[in-house]
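Chemist: Structure: query-v7.cif, mmCIF, C-alpha atoms.
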data_coords
#
loop_
_atom_site.label_atom_id
_atom_site.label_comp_id
_atom_site.auth_asym_id
_atom_site.auth_seq_id
_atom_site.Cartn_x
_atom_site.Cartn_y
_atom_site.Cartn_z
CA MET A 1 -2.97 38.20 18.43
CA ASP A 2 -0.46 36.54 16.11
CA THR A 3 0.31 32.86 16.64
CA LEU A 4 3.80 31.94 17.78
CA PRO A 5 5.60 29.71 15.27
CA PRO A 6 6.85 26.37 16.64
CA PHE A 7 10.01 26.92 18.67
CA HIS A 8 12.19 24.62 16.56
CA ARG A 9 11.22 26.50 13.37
CA ALA A 10 11.43 30.06 14.73
CA ALA A 11 13.89 32.94 14.55
CA LEU A 12 13.73 35.62 17.27
CA LEU A 13 14.37 39.27 16.35
CA LEU A 14 14.31 41.75 19.20
CA ASP A 15 14.33 45.53 19.40
CA MET A 16 16.57 46.85 22.17
CA ASP A 17 15.48 50.14 23.82
CA GLY A 18 12.02 49.82 25.35
CA THR A 19 11.88 46.10 24.54
CA LEU A 20 14.89 44.33 26.03
CA ILE A 21 16.00 47.20 28.26
CA ASP A 22 14.12 50.02 29.94
CA LEU A 23 14.14 53.46 28.41
CA ALA A 24 16.32 56.03 30.17
CA PRO A 25 16.40 59.85 30.31
CA ALA A 26 19.40 59.82 27.95
CA PRO A 27 20.59 57.20 25.41
CA ASP A 28 23.86 56.61 27.26
CA ALA A 29 22.08 56.08 30.59
CA VAL A 30 20.48 52.72 29.74
CA THR A 31 21.48 49.63 31.70
CA VAL A 32 21.28 45.90 30.98
CA PRO A 33 19.61 43.90 33.77
CA SER A 34 21.70 41.19 35.35
CA GLY A 35 21.16 37.82 33.71
CA LEU A 36 19.69 39.15 30.47
CA PRO A 37 22.77 38.40 28.32
CA ASP A 38 22.82 34.83 29.68
CA THR A 39 19.14 34.45 28.81
CA LEU A 40 19.83 35.61 25.24
CA ILE A 41 22.77 33.22 24.92
CA ALA A 42 20.64 30.29 26.11
CA LEU A 43 17.85 31.18 23.69
CA ARG A 44 20.26 31.68 20.80
CA LYS A 45 21.74 28.23 21.34
CA ALA A 46 18.30 26.64 21.67
CA LEU A 47 17.21 28.34 18.42
CA GLY A 48 20.22 27.10 16.50
CA GLY A 49 21.74 30.58 16.46
CA ALA A 50 18.66 32.33 15.03
CA LEU A 51 18.45 35.26 17.45
CA ALA A 52 19.25 38.89 16.64
CA ILE A 53 18.91 42.37 18.06
CA VAL A 54 17.44 44.83 15.56
CA THR A 55 17.85 48.44 16.67
CA GLY A 56 18.23 52.00 15.54
CA ARG A 57 21.42 52.24 17.57
CA PRO A 58 24.91 51.53 16.16
CA ILE A 59 26.11 47.94 16.34
CA GLU A 60 28.99 49.14 18.50
CA THR A 61 26.48 50.22 21.17
CA VAL A 62 24.88 46.76 21.19
CA ASP A 63 28.33 45.20 21.55
CA ARG A 64 29.14 47.48 24.49
CA LEU A 65 25.91 46.56 26.28
CA PHE A 66 25.49 42.89 25.37
CA GLY A 67 28.84 41.58 24.12
CA ASP A 68 28.28 38.68 21.74
CA ALA A 69 25.08 37.49 23.46
CA PRO A 70 22.76 38.15 20.50
CA GLY A 71 25.06 36.80 17.78
CA ALA A 72 23.54 38.67 14.84
CA VAL A 73 22.84 42.40 15.08
CA ALA A 74 21.14 44.85 12.74
CA GLY A 75 21.94 48.43 13.72
CA GLU A 76 20.97 51.86 12.40
CA HIS A 77 17.52 50.55 11.40
CA GLY A 78 19.14 48.03 9.06
CA GLY A 79 21.74 50.40 7.69
CA ALA A 80 24.41 48.16 9.23
CA ILE A 81 24.13 44.39 9.67
CA ARG A 82 26.40 41.78 11.21
CA HIS A 83 25.06 38.33 10.44
CA ALA A 84 26.96 36.50 13.21
CA ALA A 85 29.24 37.26 16.13
CA GLY A 86 32.70 38.08 14.83
CA ALA A 87 31.55 38.53 11.23
CA ALA A 88 32.19 41.70 9.27
CA ILE A 89 29.67 44.52 9.49
CA GLU A 90 27.91 45.08 6.16
CA ARG A 91 26.68 48.60 5.49
CA VAL A 92 23.99 49.69 3.06
CA ASP A 93 25.16 52.48 0.77
CA LEU A 94 23.16 55.36 2.25
CA PRO A 95 24.01 59.07 2.49
CA PRO A 96 24.78 60.94 5.71
CA PRO A 97 22.72 64.03 6.48
CA PRO A 98 24.08 67.37 5.26
CA ALA A 99 26.51 68.94 7.73
CA HIS A 100 24.40 72.08 8.08
CA TRP A 101 21.48 69.94 9.29
CA LEU A 102 23.58 68.75 12.22
CA ALA A 103 24.63 72.31 12.96
CA ALA A 104 20.97 73.37 12.94
CA ALA A 105 20.07 70.43 15.20
CA GLU A 106 22.80 71.44 17.64
CA THR A 107 21.42 74.99 17.75
CA LEU A 108 17.92 73.66 18.40
CA VAL A 109 19.13 71.55 21.31
CA GLN A 110 21.08 74.43 22.82
CA SER A 111 17.94 76.56 22.74
CA HIS A 112 15.99 73.98 24.76
CA PRO A 113 17.84 72.96 27.96
CA GLY A 114 17.27 69.29 28.69
CA ALA A 115 17.02 68.29 25.03
CA LEU A 116 19.66 66.03 23.48
CA LEU A 117 21.16 65.51 20.03
CA GLU A 118 22.05 61.88 19.28
CA ARG A 119 24.35 61.60 16.26
CA LYS A 120 24.23 58.43 14.20
CA ALA A 121 26.27 57.17 11.26
CA ARG A 122 23.70 58.19 8.64
CA GLY A 123 21.26 60.28 10.63
CA PHE A 124 20.49 61.87 13.97
CA ALA A 125 17.79 62.12 16.62
CA LEU A 126 16.54 65.01 18.72
CA HIS A 127 15.42 63.82 22.16
CA TYR A 128 12.95 66.04 23.99
CA ARG A 129 12.21 63.86 27.05
CA GLY A 130 13.98 66.47 29.17
CA ALA A 131 12.33 69.36 27.33
CA PRO A 132 8.81 68.25 26.34
CA GLU A 133 7.85 71.76 25.26
CA ALA A 134 10.30 71.36 22.34
CA ARG A 135 8.30 68.59 20.64
CA ASP A 136 6.44 70.73 18.11
CA VAL A 137 9.33 73.17 17.65
CA PHE A 138 11.66 70.32 16.72
CA HIS A 139 9.10 68.79 14.40
CA SER A 140 8.56 72.03 12.50
CA ALA A 141 12.27 72.76 12.21
CA LEU A 142 13.17 69.25 11.05
CA THR A 143 10.31 69.16 8.56
CA ALA A 144 11.62 72.38 7.05
CA LEU A 145 15.16 70.96 6.82
CA LEU A 146 14.02 67.76 5.10
CA ALA A 147 12.10 69.77 2.53
CA THR A 148 15.42 71.14 1.24
CA ALA A 149 16.91 67.77 0.19
CA PRO A 150 15.42 64.45 -0.96
CA GLY A 151 16.37 61.06 0.36
CA PHE A 152 15.63 61.44 4.08
CA GLU A 153 12.65 60.74 6.35
CA LEU A 154 11.48 62.10 9.71
CA HIS A 155 10.26 59.45 12.17
CA PRO A 156 8.62 59.79 15.59
CA ALA A 157 9.70 57.59 18.47
CA HIS A 158 9.58 57.70 22.28
CA MET A 159 10.05 61.40 23.07
CA LEU A 160 12.26 62.00 20.04
CA TRP A 161 12.27 62.82 16.35
CA GLU A 162 14.70 60.88 14.18
CA VAL A 163 16.08 61.84 10.78
CA ARG A 164 17.31 58.92 8.71
CA PRO A 165 17.92 58.15 5.03
CA LEU A 166 15.36 56.40 2.89
CA GLY A 167 16.19 52.71 2.55
CA ALA A 168 16.94 52.03 6.21
CA ASP A 169 14.09 50.46 8.17
CA LYS A 170 13.61 47.43 10.38
CA GLY A 171 11.55 45.59 7.77
CA ARG A 172 14.54 45.63 5.42
CA ALA A 173 16.73 44.53 8.32
CA VAL A 174 14.50 41.51 8.98
CA ALA A 175 14.49 40.63 5.27
CA ALA A 176 18.30 40.81 5.11
CA LEU A 177 18.79 38.66 8.21
CA MET A 178 16.31 36.05 7.03
CA GLN A 179 18.20 35.49 3.79
CA ARG A 180 21.12 33.72 5.45
CA PRO A 181 21.69 30.82 7.84
CA PRO A 182 20.88 30.26 10.62
CA PHE A 183 17.77 32.40 9.97
CA ALA A 184 16.97 31.24 6.45
CA GLY A 185 14.05 28.81 6.31
CA ARG A 186 12.76 29.81 9.76
CA LEU A 187 9.68 31.80 10.75
CA PRO A 188 10.57 35.19 12.27
CA ILE A 189 9.16 36.61 15.49
CA PHE A 190 9.73 40.34 15.84
CA ILE A 191 9.17 42.10 19.18
CA GLY A 192 9.33 45.88 19.48
CA ASP A 193 7.82 48.78 21.34
CA ASP A 194 7.69 51.71 18.95
CA VAL A 195 6.45 53.02 15.61
CA THR A 196 9.85 52.29 14.06
CA ASP A 197 9.42 48.60 14.95
CA GLU A 198 6.21 48.16 13.00
CA ASP A 199 8.11 47.66 9.72
CA GLY A 200 9.85 44.70 11.34
CA MET A 201 6.58 43.28 12.60
CA ARG A 202 4.99 43.54 9.15
CA GLU A 203 7.95 41.83 7.51
CA ALA A 204 7.88 39.01 10.08
CA ARG A 205 4.17 38.44 9.46
CA LYS A 206 4.68 38.54 5.70
CA ARG A 207 7.15 35.69 6.11
CA GLY A 208 4.69 33.55 8.06
CA GLY A 209 5.90 34.57 11.49
CA ALA A 210 4.60 36.92 14.17
CA GLY A 211 4.97 40.53 15.33
CA TYR A 212 4.32 41.66 18.90
CA ARG A 213 4.23 45.16 20.34
CA VAL A 214 5.51 45.33 23.90
CA ASP A 215 2.72 47.44 25.42
CA ALA A 216 -0.03 45.33 23.83
CA VAL A 217 1.34 41.90 24.76
CA PHE A 218 3.99 42.13 27.49
CA ARG A 219 3.06 45.48 29.10
CA ASP A 220 6.69 46.58 29.53
CA PRO A 221 10.31 45.40 29.02
CA ASP A 222 10.23 43.51 32.28
CA GLY A 223 7.37 41.43 30.87
CA VAL A 224 9.44 40.72 27.76
CA ARG A 225 12.45 39.70 29.85
CA SER A 226 10.34 37.41 32.04
CA TRP A 227 8.90 35.67 28.98
CA LEU A 228 12.34 35.26 27.42
CA HIS A 229 13.70 33.83 30.67
CA ARG A 230 10.86 31.31 30.96
CA SER A 231 11.33 30.29 27.33
CA ALA A 232 15.08 29.84 27.83
CA GLU A 233 14.45 27.60 30.83
CA LEU A 234 11.85 25.53 28.97
CA GLY A 235 13.68 25.32 25.66
CA ASP A 236 10.29 26.19 24.21
CA TRP A 237 8.01 29.21 24.18
CA GLY A 238 6.52 30.06 27.52
CA PRO A 239 2.88 31.18 27.48
CA LEU A 240 2.45 34.78 26.39
CA PRO A 241 1.09 37.09 29.10
#
As a first step, turn the structure in this file into structure tokens.

Modeler:
Amino acid sequence: MDTLPPFHRAALLLDMDGTLIDLAPAPDAVTVPSGLPDTLIALRKALGGALAIVTGRPIETVDRLFGDAPGAVAGEHGGAIRHAAGAAIERVDLPPPPAHWLAAAETLVQSHPGALLERKARGFALHYRGAPEARDVFHSALTALLATAPGFELHPAHMLWEVRPLGADKGRAVAALMQRPPFAGRLPIFIGDDVTDEDGMREARKRGGAGYRVDAVFRDPDGVRSWLHRSAELGDWGPLP
């Protein structure tokens, strides 16, 4: 297991779905446990502001769920970054998917009741949690679509396939956040639960920090939240589970 950097030298970068909050049957059905925003605020202050949420969701979704608790936010897998609460959102120049891909994705979802299409600024995701039999059908159809145009990737996640442009990943998001105060000069800790978080973990380790996968270290989001709460109370890292 990676070694936690000293608290006073660390920056904390947290995935959202499946890490801070429990997964839900649909993206809009997630809830934020009571007290979690206050825990993040306390940790952010104790870390000199060096706390961020790094997610595939839009920054606007993080704002709706958490307000200004995290301070910095990287959304859309690093395609959009806000370096501090109230600062302007900076967007990487990346293409949106072709319109006919979205039309094809909509047709796929309609043919599999229970499946969902999640539209994003520069990509989209097909959720099959409610239609598990669609997993391979979606994969084959999306693979065929991506073969018709360069510049996009297909990524697996929890019961979904996500299409996003090349150049947007959580490793790049970590690198961008760490270039500016209050993160610059600190050692990043990245916590995530999914394949898409592994880029962030690798980047954190490359910078002398640590990367932790939820299931391997904390078991579930509740374990992450408990550890964050203990650390906020101590003003130092609590023992890892």

Chemist: Neighbours of segment 72-79 of chain A within 7 Å (all atoms listed in the file; same-chain residues fewer than 3 positions away dropped), as a list in words?

Modeler: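 Once the nearby chain positions are removed, what remains is Leu51, Ala52, Ile53, Val54, Thr55, Gly56, Arg57, Pro58, Ile59, Arg82, His83, Ala84, Ala85, Arg91, Val92, Ala168, Asp169, Lys170, Arg172 and Ala173 of chain A.
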
Chemist: Can you translate the PyMOL selection byres ((chain A and resi 133) around 12) into the concrete residues it hits in this file, as a PyMOL selection string?

Modeler: chain A and resi 109+111-115+127-132+134-139+159-160

Chemist: When distances are computed from all atoms listed in the file, which of A:Leu187, A:Ala10, A:Leu166, A:Leu142 shows the smallest separation from Arg205 of chain A?

Modeler: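 Of the candidates, the smallest distance to Arg205 of chain A is held by A:Leu187.
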
Chemist: Pick out the residues sitting within 7 Å of Arg164 of chain A, and hand them over as an MDAnalysis selection string; count only C-alpha atoms, and ignore anything fewer than 2 positions along from it in its own chain.

Modeler: chainID A and resid 122:124 152:154 162 166

Chemist: Any idea what the distance is between atom CA of Pro97 of chain A and atom CA of Ala157 of chain A?

Modeler: 18.8 Å
